[in-house]
Each structure stands twice: as structure tokens, then as C-alpha cells.
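The next block is protein_9.csv, given as CSV, N, CA and C atoms.
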```
chain,number,residue,atom,x,y,z
I,209,MET,N,5.7,6.7,21.5
I,209,MET,CA,5.5,6.5,20.0
I,209,MET,C,6.9,6.3,19.4
I,210,GLY,N,7.0,5.3,18.5
I,210,GLY,CA,8.2,5.0,17.8
I,210,GLY,C,8.5,6.0,16.6
I,211,SER,N,9.7,5.9,16.2
I,211,SER,CA,10.1,6.7,15.0
I,211,SER,C,9.7,6.1,13.7
I,212,LEU,N,9.4,6.9,12.7
I,212,LEU,CA,9.1,6.4,11.4
I,212,LEU,C,10.3,5.9,10.7
I,213,TYR,N,11.5,6.1,11.3
I,213,TYR,CA,12.8,5.7,10.6
I,213,TYR,C,13.5,4.6,11.3
I,214,ASN,N,14.1,3.8,10.5
I,214,ASN,CA,15.0,2.7,11.0
I,214,ASN,C,16.4,3.3,11.0
I,215,GLU,N,17.0,3.5,12.2
I,215,GLU,CA,18.3,4.1,12.2
I,215,GLU,C,19.5,3.1,12.5
I,216,GLU,N,19.4,1.9,12.0
I,216,GLU,CA,20.4,0.9,12.3
I,216,GLU,C,21.8,1.4,11.7
I,217,GLU,N,21.8,2.0,10.6
I,217,GLU,CA,23.0,2.5,10.0
I,217,GLU,C,23.2,3.9,10.5
I,218,VAL,N,24.4,4.2,10.9
I,218,VAL,CA,24.7,5.6,11.4
I,218,VAL,C,24.4,6.6,10.4
I,219,GLY,N,23.6,7.6,10.8
I,219,GLY,CA,23.2,8.7,9.8
I,219,GLY,C,22.2,8.3,8.8
I,220,SER,N,21.8,7.0,8.7
I,220,SER,CA,20.8,6.6,7.7
I,220,SER,C,19.4,6.8,8.2
I,221,LYS,N,18.5,7.3,7.4
I,221,LYS,CA,17.1,7.4,7.8
I,221,LYS,C,16.3,6.7,6.7
I,222,VAL,N,16.0,5.4,6.9
I,222,VAL,CA,15.2,4.7,6.0
I,222,VAL,C,13.8,4.5,6.6
I,223,PRO,N,12.8,5.0,6.0
I,223,PRO,CA,11.5,4.8,6.6
I,223,PRO,C,11.1,3.4,6.7
I,224,VAL,N,10.3,3.1,7.8
I,224,VAL,CA,9.8,1.7,8.0
I,224,VAL,C,8.3,1.8,8.1
I,225,PHE,N,7.7,0.9,7.3
I,225,PHE,CA,6.2,0.9,7.2
I,225,PHE,C,5.7,-0.4,7.7
I,226,PHE,N,4.5,-0.5,8.2
I,226,PHE,CA,3.9,-1.7,8.7
I,226,PHE,C,3.3,-2.5,7.6
I,227,THR,N,3.1,-3.8,7.8
I,227,THR,CA,2.5,-4.7,6.8
I,227,THR,C,1.0,-4.3,6.6
I,228,PRO,N,0.6,-4.2,5.4
I,228,PRO,CA,-0.9,-3.8,5.2
I,228,PRO,C,-1.8,-5.0,5.4
I,229,VAL,N,-1.3,-6.2,5.3
I,229,VAL,CA,-2.2,-7.4,5.5
I,229,VAL,C,-1.3,-8.6,5.6
I,230,ASN,N,-1.6,-9.5,6.5
I,230,ASN,CA,-0.9,-10.8,6.7
I,230,ASN,C,-1.4,-11.7,5.6
I,231,GLY,N,-0.4,-12.3,4.8
I,231,GLY,CA,-0.8,-13.2,3.8
I,231,GLY,C,0.5,-13.7,3.1
I,232,ILE,N,0.3,-14.3,1.9
I,232,ILE,CA,1.4,-14.8,1.1
I,232,ILE,C,1.6,-13.9,-0.1
I,233,VAL,N,2.9,-13.5,-0.3
I,233,VAL,CA,3.2,-12.7,-1.5
I,233,VAL,C,3.2,-13.6,-2.7
I,234,SER,N,2.3,-13.4,-3.6
I,234,SER,CA,2.1,-14.2,-4.8
I,234,SER,C,2.8,-13.6,-6.0
I,235,ASP,N,3.2,-12.4,-6.0
I,235,ASP,CA,3.9,-11.7,-7.1
I,235,ASP,C,4.7,-10.6,-6.5
I,236,VAL,N,6.0,-10.5,-7.0
I,236,VAL,CA,6.9,-9.5,-6.4
I,236,VAL,C,7.0,-8.3,-7.3
I,237,TYR,N,7.6,-7.3,-6.7
I,237,TYR,CA,7.9,-6.0,-7.4
I,237,TYR,C,8.8,-6.3,-8.6
I,238,ASN,N,8.5,-5.8,-9.8
I,238,ASN,CA,9.4,-6.0,-10.9
I,238,ASN,C,9.2,-4.8,-11.9
I,239,GLU,N,10.0,-3.8,-11.7
I,239,GLU,CA,9.9,-2.5,-12.4
I,239,GLU,C,10.1,-2.8,-13.9
I,240,ASN,N,10.9,-3.8,-14.3
I,240,ASN,CA,11.2,-4.1,-15.7
I,240,ASN,C,9.9,-4.4,-16.5
I,241,ILE,N,9.0,-5.0,-15.8
I,241,ILE,CA,7.7,-5.4,-16.5
I,241,ILE,C,6.5,-4.5,-16.1
I,242,GLY,N,6.8,-3.5,-15.4
I,242,GLY,CA,5.7,-2.5,-15.0
I,242,GLY,C,4.9,-3.0,-13.8
I,243,HIS,N,5.4,-4.0,-13.0
I,243,HIS,CA,4.7,-4.4,-11.8
I,243,HIS,C,5.3,-3.7,-10.7
I,244,TYR,N,4.7,-2.5,-10.4
I,244,TYR,CA,5.3,-1.6,-9.4
I,244,TYR,C,4.9,-1.8,-7.9
I,245,GLY,N,4.5,-3.0,-7.6
I,245,GLY,CA,4.1,-3.4,-6.3
I,245,GLY,C,4.2,-4.8,-6.0
I,246,ILE,N,3.6,-5.3,-4.9
I,246,ILE,CA,3.6,-6.7,-4.6
I,246,ILE,C,2.2,-7.1,-4.4
I,247,ASP,N,1.9,-8.4,-4.7
I,247,ASP,CA,0.6,-8.9,-4.6
I,247,ASP,C,0.6,-9.8,-3.4
I,248,ILE,N,-0.4,-9.6,-2.5
I,248,ILE,CA,-0.5,-10.4,-1.2
I,248,ILE,C,-1.8,-11.1,-1.2
I,249,VAL,N,-1.8,-12.4,-1.2
I,249,VAL,CA,-3.0,-13.2,-1.1
I,249,VAL,C,-3.4,-13.4,0.4
I,250,ALA,N,-4.7,-13.2,0.6
I,250,ALA,CA,-5.2,-13.4,2.0
I,250,ALA,C,-6.7,-13.8,1.8
I,251,LYS,N,-7.2,-14.3,2.9
I,251,LYS,CA,-8.6,-14.7,2.9
I,251,LYS,C,-9.6,-13.6,2.6
I,252,LYS,N,-10.7,-14.0,1.9
I,252,LYS,CA,-11.8,-13.1,1.6
I,252,LYS,C,-12.3,-12.5,2.8
I,253,GLY,N,-12.5,-11.2,2.8
I,253,GLY,CA,-13.1,-10.4,3.9
I,253,GLY,C,-12.1,-9.8,4.9
I,254,VAL,N,-10.8,-10.1,4.7
I,254,VAL,CA,-9.7,-9.6,5.6
I,254,VAL,C,-9.6,-8.1,5.4
I,255,LYS,N,-9.4,-7.4,6.5
I,255,LYS,CA,-9.3,-5.9,6.4
I,255,LYS,C,-7.8,-5.5,6.1
I,256,ILE,N,-7.7,-4.5,5.3
I,256,ILE,CA,-6.4,-4.0,4.9
I,256,ILE,C,-6.1,-2.8,5.8
I,257,LYS,N,-4.8,-2.7,6.3
I,257,LYS,CA,-4.5,-1.6,7.2
I,257,LYS,C,-3.5,-0.6,6.6
I,258,ALA,N,-3.6,0.6,7.0
I,258,ALA,CA,-2.7,1.7,6.6
I,258,ALA,C,-1.3,1.3,7.1
I,259,VAL,N,-0.3,1.5,6.2
I,259,VAL,CA,1.1,1.1,6.5
I,259,VAL,C,1.8,2.2,7.4
I,260,ALA,N,1.2,3.4,7.4
I,260,ALA,CA,1.8,4.5,8.2
I,260,ALA,C,0.7,5.6,8.2
I,261,GLU,N,0.9,6.6,9.1
I,261,GLU,CA,-0.1,7.6,9.2
I,261,GLU,C,0.0,8.5,7.9
I,262,GLY,N,-1.1,9.1,7.6
I,262,GLY,CA,-1.2,10.0,6.5
I,262,GLY,C,-2.6,10.4,6.2
I,263,VAL,N,-2.8,11.0,5.0
I,263,VAL,CA,-4.1,11.5,4.6
I,263,VAL,C,-4.5,10.8,3.3
I,264,VAL,N,-5.7,10.3,3.3
I,264,VAL,CA,-6.2,9.6,2.1
I,264,VAL,C,-6.4,10.6,1.0
I,265,VAL,N,-5.7,10.4,-0.1
I,265,VAL,CA,-5.8,11.3,-1.3
I,265,VAL,C,-6.6,10.8,-2.4
I,266,PHE,N,-6.9,9.5,-2.4
I,266,PHE,CA,-7.8,8.9,-3.5
I,266,PHE,C,-8.5,7.7,-2.8
I,267,SER,N,-9.8,7.6,-3.1
I,267,SER,CA,-10.6,6.5,-2.6
I,267,SER,C,-11.8,6.4,-3.6
I,268,SER,N,-11.6,5.5,-4.6
I,268,SER,CA,-12.6,5.4,-5.7
I,268,SER,C,-12.4,4.1,-6.5
I,269,TRP,N,-13.2,4.0,-7.5
I,269,TRP,CA,-13.2,2.9,-8.4
I,269,TRP,C,-12.4,3.2,-9.7
I,270,THR,N,-11.6,2.3,-10.2
I,270,THR,CA,-11.1,2.4,-11.6
I,270,THR,C,-11.4,1.1,-12.3
I,271,SER,N,-11.6,1.1,-13.6
I,271,SER,CA,-11.9,-0.1,-14.3
I,271,SER,C,-10.8,-1.1,-14.2
I,272,GLU,N,-9.5,-0.7,-14.3
I,272,GLU,CA,-8.4,-1.6,-14.3
I,272,GLU,C,-8.1,-2.3,-13.0
I,273,THR,N,-8.1,-1.5,-11.9
I,273,THR,CA,-7.6,-2.0,-10.6
I,273,THR,C,-8.7,-1.9,-9.6
I,274,GLY,N,-10.0,-1.8,-10.0
I,274,GLY,CA,-11.1,-1.9,-9.1
I,274,GLY,C,-11.1,-0.8,-8.0
I,275,TYR,N,-11.5,-1.1,-6.8
I,275,TYR,CA,-11.6,-0.2,-5.7
I,275,TYR,C,-10.1,0.1,-5.2
I,276,VAL,N,-9.7,1.4,-5.3
I,276,VAL,CA,-8.4,1.8,-5.0
I,276,VAL,C,-8.4,2.9,-3.9
I,277,LEU,N,-7.4,2.7,-3.0
I,277,LEU,CA,-7.2,3.7,-2.0
I,277,LEU,C,-5.7,4.2,-2.0
I,278,ALA,N,-5.5,5.5,-1.9
I,278,ALA,CA,-4.1,6.0,-1.8
I,278,ALA,C,-4.0,6.9,-0.6
I,279,ILE,N,-2.8,6.7,0.1
I,279,ILE,CA,-2.6,7.5,1.3
I,279,ILE,C,-1.2,8.3,1.1
I,280,GLN,N,-1.3,9.6,1.3
I,280,GLN,CA,-0.1,10.4,1.3
I,280,GLN,C,0.5,10.4,2.7
I,281,HIS,N,1.8,10.0,2.8
I,281,HIS,CA,2.5,9.9,4.0
I,281,HIS,C,3.6,11.0,4.1
I,282,PRO,N,4.2,11.2,5.3
I,282,PRO,CA,5.3,12.2,5.4
I,282,PRO,C,6.5,11.8,4.5
I,283,ASN,N,7.3,12.8,4.2
I,283,ASN,CA,8.5,12.6,3.4
I,283,ASN,C,8.2,12.1,2.0
I,284,ASN,N,7.1,12.6,1.4
I,284,ASN,CA,6.8,12.4,0.0
I,284,ASN,C,6.6,10.9,-0.4
I,285,PHE,N,6.1,10.1,0.6
I,285,PHE,CA,5.7,8.7,0.3
I,285,PHE,C,4.2,8.7,0.1
I,286,ILE,N,3.8,7.8,-0.8
I,286,ILE,CA,2.4,7.5,-1.0
I,286,ILE,C,2.2,6.0,-1.2
I,287,SER,N,1.2,5.5,-0.5
I,287,SER,CA,0.9,4.1,-0.6
I,287,SER,C,-0.4,3.8,-1.4
I,288,PHE,N,-0.4,2.8,-2.2
I,288,PHE,CA,-1.6,2.4,-3.0
I,288,PHE,C,-2.1,1.0,-2.6
I,289,TYR,N,-3.4,0.9,-2.4
I,289,TYR,CA,-4.0,-0.4,-2.1
I,289,TYR,C,-5.1,-0.6,-3.2
I,290,LYS,N,-4.8,-1.7,-4.0
I,290,LYS,CA,-5.7,-1.9,-5.2
I,290,LYS,C,-6.4,-3.3,-5.1
I,291,HIS,N,-7.5,-3.4,-5.9
I,291,HIS,CA,-8.3,-4.6,-6.1
I,291,HIS,C,-9.2,-4.9,-4.9
I,292,ASN,N,-9.5,-3.9,-4.0
I,292,ASN,CA,-10.3,-4.1,-2.8
I,292,ASN,C,-11.7,-4.4,-3.2
I,293,SER,N,-12.4,-5.0,-2.2
I,293,SER,CA,-13.9,-5.3,-2.4
I,293,SER,C,-14.7,-4.1,-1.9
I,294,SER,N,-14.1,-3.4,-1.0
I,294,SER,CA,-14.8,-2.1,-0.5
I,294,SER,C,-13.7,-1.2,0.2
I,295,LEU,N,-14.1,0.0,0.2
I,295,LEU,CA,-13.2,1.0,0.8
I,295,LEU,C,-13.8,1.6,2.1
I,296,LEU,N,-13.0,1.7,3.2
I,296,LEU,CA,-13.5,2.1,4.5
I,296,LEU,C,-13.2,3.5,4.8
I,297,LYS,N,-12.4,4.2,4.0
I,297,LYS,CA,-12.0,5.6,4.2
I,297,LYS,C,-12.3,6.4,2.9
I,298,ARG,N,-12.4,7.7,3.1
I,298,ARG,CA,-12.7,8.6,2.0
I,298,ARG,C,-11.5,9.6,1.8
I,299,ALA,N,-11.5,10.2,0.6
I,299,ALA,CA,-10.4,11.2,0.4
I,299,ALA,C,-10.6,12.3,1.4
I,300,GLY,N,-9.5,12.7,2.0
I,300,GLY,CA,-9.5,13.7,3.0
I,300,GLY,C,-9.4,13.2,4.4
I,301,ASP,N,-9.7,11.9,4.6
I,301,ASP,CA,-9.6,11.3,6.0
I,301,ASP,C,-8.1,11.1,6.4
I,302,PHE,N,-7.9,11.4,7.7
I,302,PHE,CA,-6.6,11.2,8.3
I,302,PHE,C,-6.6,9.8,8.8
I,303,VAL,N,-5.5,9.0,8.6
I,303,VAL,CA,-5.4,7.7,9.2
I,303,VAL,C,-4.1,7.5,9.9
I,304,ARG,N,-4.1,6.7,10.9
I,304,ARG,CA,-2.9,6.3,11.6
I,304,ARG,C,-2.4,4.9,11.2
I,305,ALA,N,-1.2,4.6,11.4
I,305,ALA,CA,-0.6,3.3,11.0
I,305,ALA,C,-1.5,2.3,11.7
I,306,GLY,N,-1.9,1.3,11.0
I,306,GLY,CA,-2.7,0.2,11.5
I,306,GLY,C,-4.2,0.4,11.4
I,307,ASP,N,-4.7,1.6,11.0
I,307,ASP,CA,-6.1,1.8,10.8
I,307,ASP,C,-6.6,0.9,9.7
I,308,GLU,N,-7.8,0.4,9.8
I,308,GLU,CA,-8.4,-0.4,8.7
I,308,GLU,C,-8.9,0.6,7.7
I,309,VAL,N,-8.4,0.4,6.4
I,309,VAL,CA,-8.7,1.3,5.3
I,309,VAL,C,-9.6,0.7,4.2
I,310,SER,N,-9.5,-0.6,4.1
I,310,SER,CA,-10.3,-1.3,3.0
I,310,SER,C,-10.4,-2.8,3.3
I,311,VAL,N,-11.2,-3.5,2.4
I,311,VAL,CA,-11.4,-4.9,2.6
I,311,VAL,C,-10.8,-5.6,1.3
I,312,ILE,N,-10.0,-6.6,1.5
I,312,ILE,CA,-9.3,-7.3,0.4
I,312,ILE,C,-10.4,-7.8,-0.6
I,313,GLY,N,-10.0,-7.8,-1.9
I,313,GLY,CA,-11.0,-8.2,-2.9
I,313,GLY,C,-10.4,-8.7,-4.1
I,314,ASN,N,-11.2,-8.7,-5.2
I,314,ASN,CA,-10.9,-9.2,-6.5
I,314,ASN,C,-11.6,-8.3,-7.5
I,315,SER,N,-11.4,-7.0,-7.4
I,315,SER,CA,-12.1,-6.1,-8.2
I,315,SER,C,-11.1,-5.5,-9.3
I,316,GLY,N,-11.7,-5.1,-10.4
I,316,GLY,CA,-11.0,-4.6,-11.5
I,316,GLY,C,-10.6,-5.6,-12.6
I,317,GLU,N,-10.4,-5.1,-13.8
I,317,GLU,CA,-10.1,-6.0,-14.9
I,317,GLU,C,-8.7,-6.7,-14.8
I,318,TYR,N,-7.8,-6.1,-14.0
I,318,TYR,CA,-6.4,-6.7,-13.9
I,318,TYR,C,-6.3,-7.7,-12.8
I,319,SER,N,-7.4,-7.9,-12.0
I,319,SER,CA,-7.3,-8.8,-10.8
I,319,SER,C,-7.4,-10.2,-11.3
I,320,THR,N,-6.7,-11.1,-10.6
I,320,THR,CA,-6.6,-12.5,-10.9
I,320,THR,C,-7.1,-13.4,-9.7
I,321,GLY,N,-7.8,-12.8,-8.8
I,321,GLY,CA,-8.2,-13.5,-7.6
I,321,GLY,C,-8.1,-12.6,-6.4
I,322,THR,N,-8.6,-13.1,-5.3
I,322,THR,CA,-8.7,-12.3,-4.0
I,322,THR,C,-7.2,-12.0,-3.6
I,323,HIS,N,-6.9,-10.7,-3.6
I,323,HIS,CA,-5.5,-10.3,-3.2
I,323,HIS,C,-5.5,-8.8,-3.0
I,324,LEU,N,-4.4,-8.3,-2.4
I,324,LEU,CA,-4.1,-6.9,-2.4
I,324,LEU,C,-2.9,-6.7,-3.3
I,325,HIS,N,-3.0,-5.7,-4.2
I,325,HIS,CA,-1.9,-5.2,-4.9
I,325,HIS,C,-1.5,-3.9,-4.2
I,326,PHE,N,-0.3,-4.0,-3.6
I,326,PHE,CA,0.2,-2.9,-2.8
I,326,PHE,C,1.4,-2.2,-3.4
I,327,GLU,N,1.3,-0.9,-3.6
I,327,GLU,CA,2.5,-0.1,-4.2
I,327,GLU,C,2.9,1.0,-3.2
I,328,LEU,N,4.2,1.3,-3.2
I,328,LEU,CA,4.8,2.4,-2.5
I,328,LEU,C,5.6,3.2,-3.4
I,329,TRP,N,5.3,4.5,-3.4
I,329,TRP,CA,6.0,5.5,-4.2
I,329,TRP,C,6.7,6.6,-3.4
I,330,ASN,N,7.8,7.1,-3.8
I,330,ASN,CA,8.5,8.2,-3.2
I,330,ASN,C,8.9,9.2,-4.2
I,331,SER,N,8.4,10.4,-4.0
I,331,SER,CA,8.7,11.6,-4.8
I,331,SER,C,8.5,11.3,-6.3
I,332,GLY,N,7.4,10.5,-6.6
I,332,GLY,CA,7.0,10.2,-8.0
I,332,GLY,C,7.6,9.0,-8.6
I,333,SER,N,8.4,8.3,-7.8
I,333,SER,CA,9.1,7.1,-8.3
I,333,SER,C,8.7,5.9,-7.5
I,334,PRO,N,8.5,4.7,-8.2
I,334,PRO,CA,8.1,3.5,-7.5
I,334,PRO,C,9.2,3.0,-6.6
I,335,CYS,N,8.9,2.4,-5.5
I,335,CYS,CA,9.8,1.7,-4.6
I,335,CYS,C,9.4,0.3,-4.4
I,336,ASN,N,10.4,-0.6,-4.2
I,336,ASN,CA,10.1,-2.0,-3.9
I,336,ASN,C,9.6,-2.0,-2.4
I,337,PRO,N,8.3,-2.3,-2.2
I,337,PRO,CA,7.7,-2.3,-0.8
I,337,PRO,C,8.4,-3.2,0.1
I,338,THR,N,9.0,-4.3,-0.3
I,338,THR,CA,9.7,-5.2,0.6
I,338,THR,C,11.0,-4.6,1.2
I,339,ASN,N,11.5,-3.5,0.6
I,339,ASN,CA,12.6,-2.8,1.2
I,339,ASN,C,12.2,-1.9,2.4
I,340,TYR,N,10.9,-1.7,2.6
I,340,TYR,CA,10.4,-0.7,3.6
I,340,TYR,C,9.5,-1.3,4.6
I,341,ILE,N,8.9,-2.4,4.3
I,341,ILE,CA,7.9,-3.0,5.3
I,341,ILE,C,8.5,-3.9,6.3
I,342,MET,N,8.2,-3.7,7.5
I,342,MET,CA,8.8,-4.6,8.6
I,342,MET,C,7.8,-5.7,8.9
```

Exercise: express the given structure as C-alpha cells:
Amino acid sequence: MGSLYNEEEVGSKVPVFFTPVNGIVSDVYNENIGHYGIDIVAKKGVKIKAVAEGVVVFSSWTSETGYVLAIQHPNNFISFYKHNSSLLKRAGDFVRAGDEVSVIGNSGEYSTGTHLHFELWNSGSPCNPTNYIM
């Protein structure tokens, strides 16, 4: 099993997460306008995968972002998967990196088409996912 950390720099421990879905990034992270994630466009029906192991802490519907799933990972990271068409895991489920957790969709008032809105937070602060995903 590989390490959760990329140790290219001496003494540096930067976590590395897997890609949740293969697709085209249609909107980038922009903290200045409150877009705390990236939008990835992919074909309808594509399964979304967990970016790392962890425990599902939220799996439900919200009017703004539709079907949402959140996973708590080691070292105070949490990943959010929004606008899904369906959820494959429930709160309390343990997942491994690469496990299918949801199906890409177009749900919620803020959705503009079939895509995944993916967010990554650490210790309560948003992170640019492109700095962590390999």
C-alpha cells in the first residue's frame, strides 16, 4: 500500500488524493467569489469515486446543491461531492480510495448541467483541490 503523502520535498508531507472522476474541468477553484471547489464535466451516468479512504459523514439532499456526499479523511481533510444524480453510500459507511460513492448528475438549484462539484477542506478551511489531486 502506498503512502497518503507525497514526500518529494525533504520533510514535506503534502497529502495526495485520487481523481474523483475523469472529465473536463469546466470551472476552477476561486475563493474570492466563493467557488470553493472545481467543476468536472463528465458523461451522464458516470460513477464518482472516493478520493481517499475515510468515513461518509453526510449523504443527503440539499435544495441548493442536490444530492451531496461528504467524506471525512485522515488529518482533518473532508471531501464534498455535489450535484449527484444518486448516492451510493450512507452516513457512517467506511470507504477506500477509489470506491464508487455516487453517480454524476445535475441536481440542485445551483447546478448548470451534468457535472461534479468537488470540494476539499482541511481543518475547516477550503483548499484548492488541484493542489492535492494526482

Next item on the list: Quick one: everything within 9 Å of I:Glu308, counting only C-alpha atoms, minus sequence neighbours fewer than 3 positions away in the same chain. Send it as JSON, numbers by chain.
Entry: {"I": [228, 255, 256, 257, 258, 296, 297, 303, 305, 311]}

Note to self: Using only N, CA and C atoms for the distances, tell me which of I:Ile341, I:Ala278, I:Trp269, I:His325 is nearest to I:Tyr244.
What the structure shows: I:His325

Check: For I:Glu272, which residue among I:His243, I:Ser333, I:His291, I:Ile248 is the nearest when counting only N, CA and C atoms?
Finding: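 Of I:His243, I:Ser333, I:His291, I:Ile248, the one nearest I:Glu272 is I:His291, counting only N, CA and C atoms.
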
Margin query: If we draw a sphere of 7 Å around (-12.5, -3.0, 0.2), which residues have at least one atom in it when counting only C-alpha atoms? Please report them as a PyMOL selection string.
Written below: chain I and resi 275+292-296+310-313

Margin query: To test your reading of the structure, identify every residue in chain I that backbone DSSP assigns to helix (DSSP H, G or I), and report it as a PyMOL selection string.
Written below: chain I and resi 239-241+337-339

Next item on the list: Using atom N of I:Pro334 and atom N of I:Ile279 as the two end points, give the distance in Å to one decimal.
Entry: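 So the two atoms, atom N of I:Pro334 and atom N of I:Ile279, lie 14.2 Å apart.
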
Next item on the list: Rank I:Val263, I:Gly316, I:Gly306, I:Gly242 by their smallest atom-to-atom distance to I:His281, using all atoms listed in the file, and report the top residue only.
Entry: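 Under the stated criterion, the closest residue is I:Val263.
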
Determine, counting only C-alpha atoms, which protein, DNA and RNA residues have an atom within 8 Å of an atom of I:Met342; residues of the same chain fewer than 2 positions away are not included. Present the result as a PDB file with N, CA and C atoms, in the frame of the given file.
```
ATOM      1  N   VAL I 224      10.300   3.100   7.800  1.00  0.00           N
ATOM      2  CA  VAL I 224       9.800   1.700   8.000  1.00  0.00           C
ATOM      3  C   VAL I 224       8.300   1.800   8.100  1.00  0.00           C
ATOM      4  N   PHE I 225       7.700   0.900   7.300  1.00  0.00           N
ATOM      5  CA  PHE I 225       6.200   0.900   7.200  1.00  0.00           C
ATOM      6  C   PHE I 225       5.700  -0.400   7.700  1.00  0.00           C
ATOM      7  N   PHE I 226       4.500  -0.500   8.200  1.00  0.00           N
ATOM      8  CA  PHE I 226       3.900  -1.700   8.700  1.00  0.00           C
ATOM      9  C   PHE I 226       3.300  -2.500   7.600  1.00  0.00           C
ATOM     10  N   THR I 227       3.100  -3.800   7.800  1.00  0.00           N
ATOM     11  CA  THR I 227       2.500  -4.700   6.800  1.00  0.00           C
ATOM     12  C   THR I 227       1.000  -4.300   6.600  1.00  0.00           C
ATOM     13  N   TYR I 340      10.900  -1.700   2.600  1.00  0.00           N
ATOM     14  CA  TYR I 340      10.400  -0.700   3.600  1.00  0.00           C
ATOM     15  C   TYR I 340       9.500  -1.300   4.600  1.00  0.00           C
TER      16      TYR I 340
END
```

Next item on the list: Rank nothing, just name the residue among I:Tyr289, I:Gly300, I:Ala250, I:Asn283 nearest to I:Asn330, using only C-alpha atoms.
Entry: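 Ranked by minimum distance to I:Asn330, first place goes to I:Asn283.
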
Note to self: Just want the 6.5 Å neighbourhood of I:Lys290, counted on all atoms listed in the file, with same-chain residues fewer than 5 positions away dropped. Output as number ranges by chain.
What the structure shows: I: 273-277, 323-327
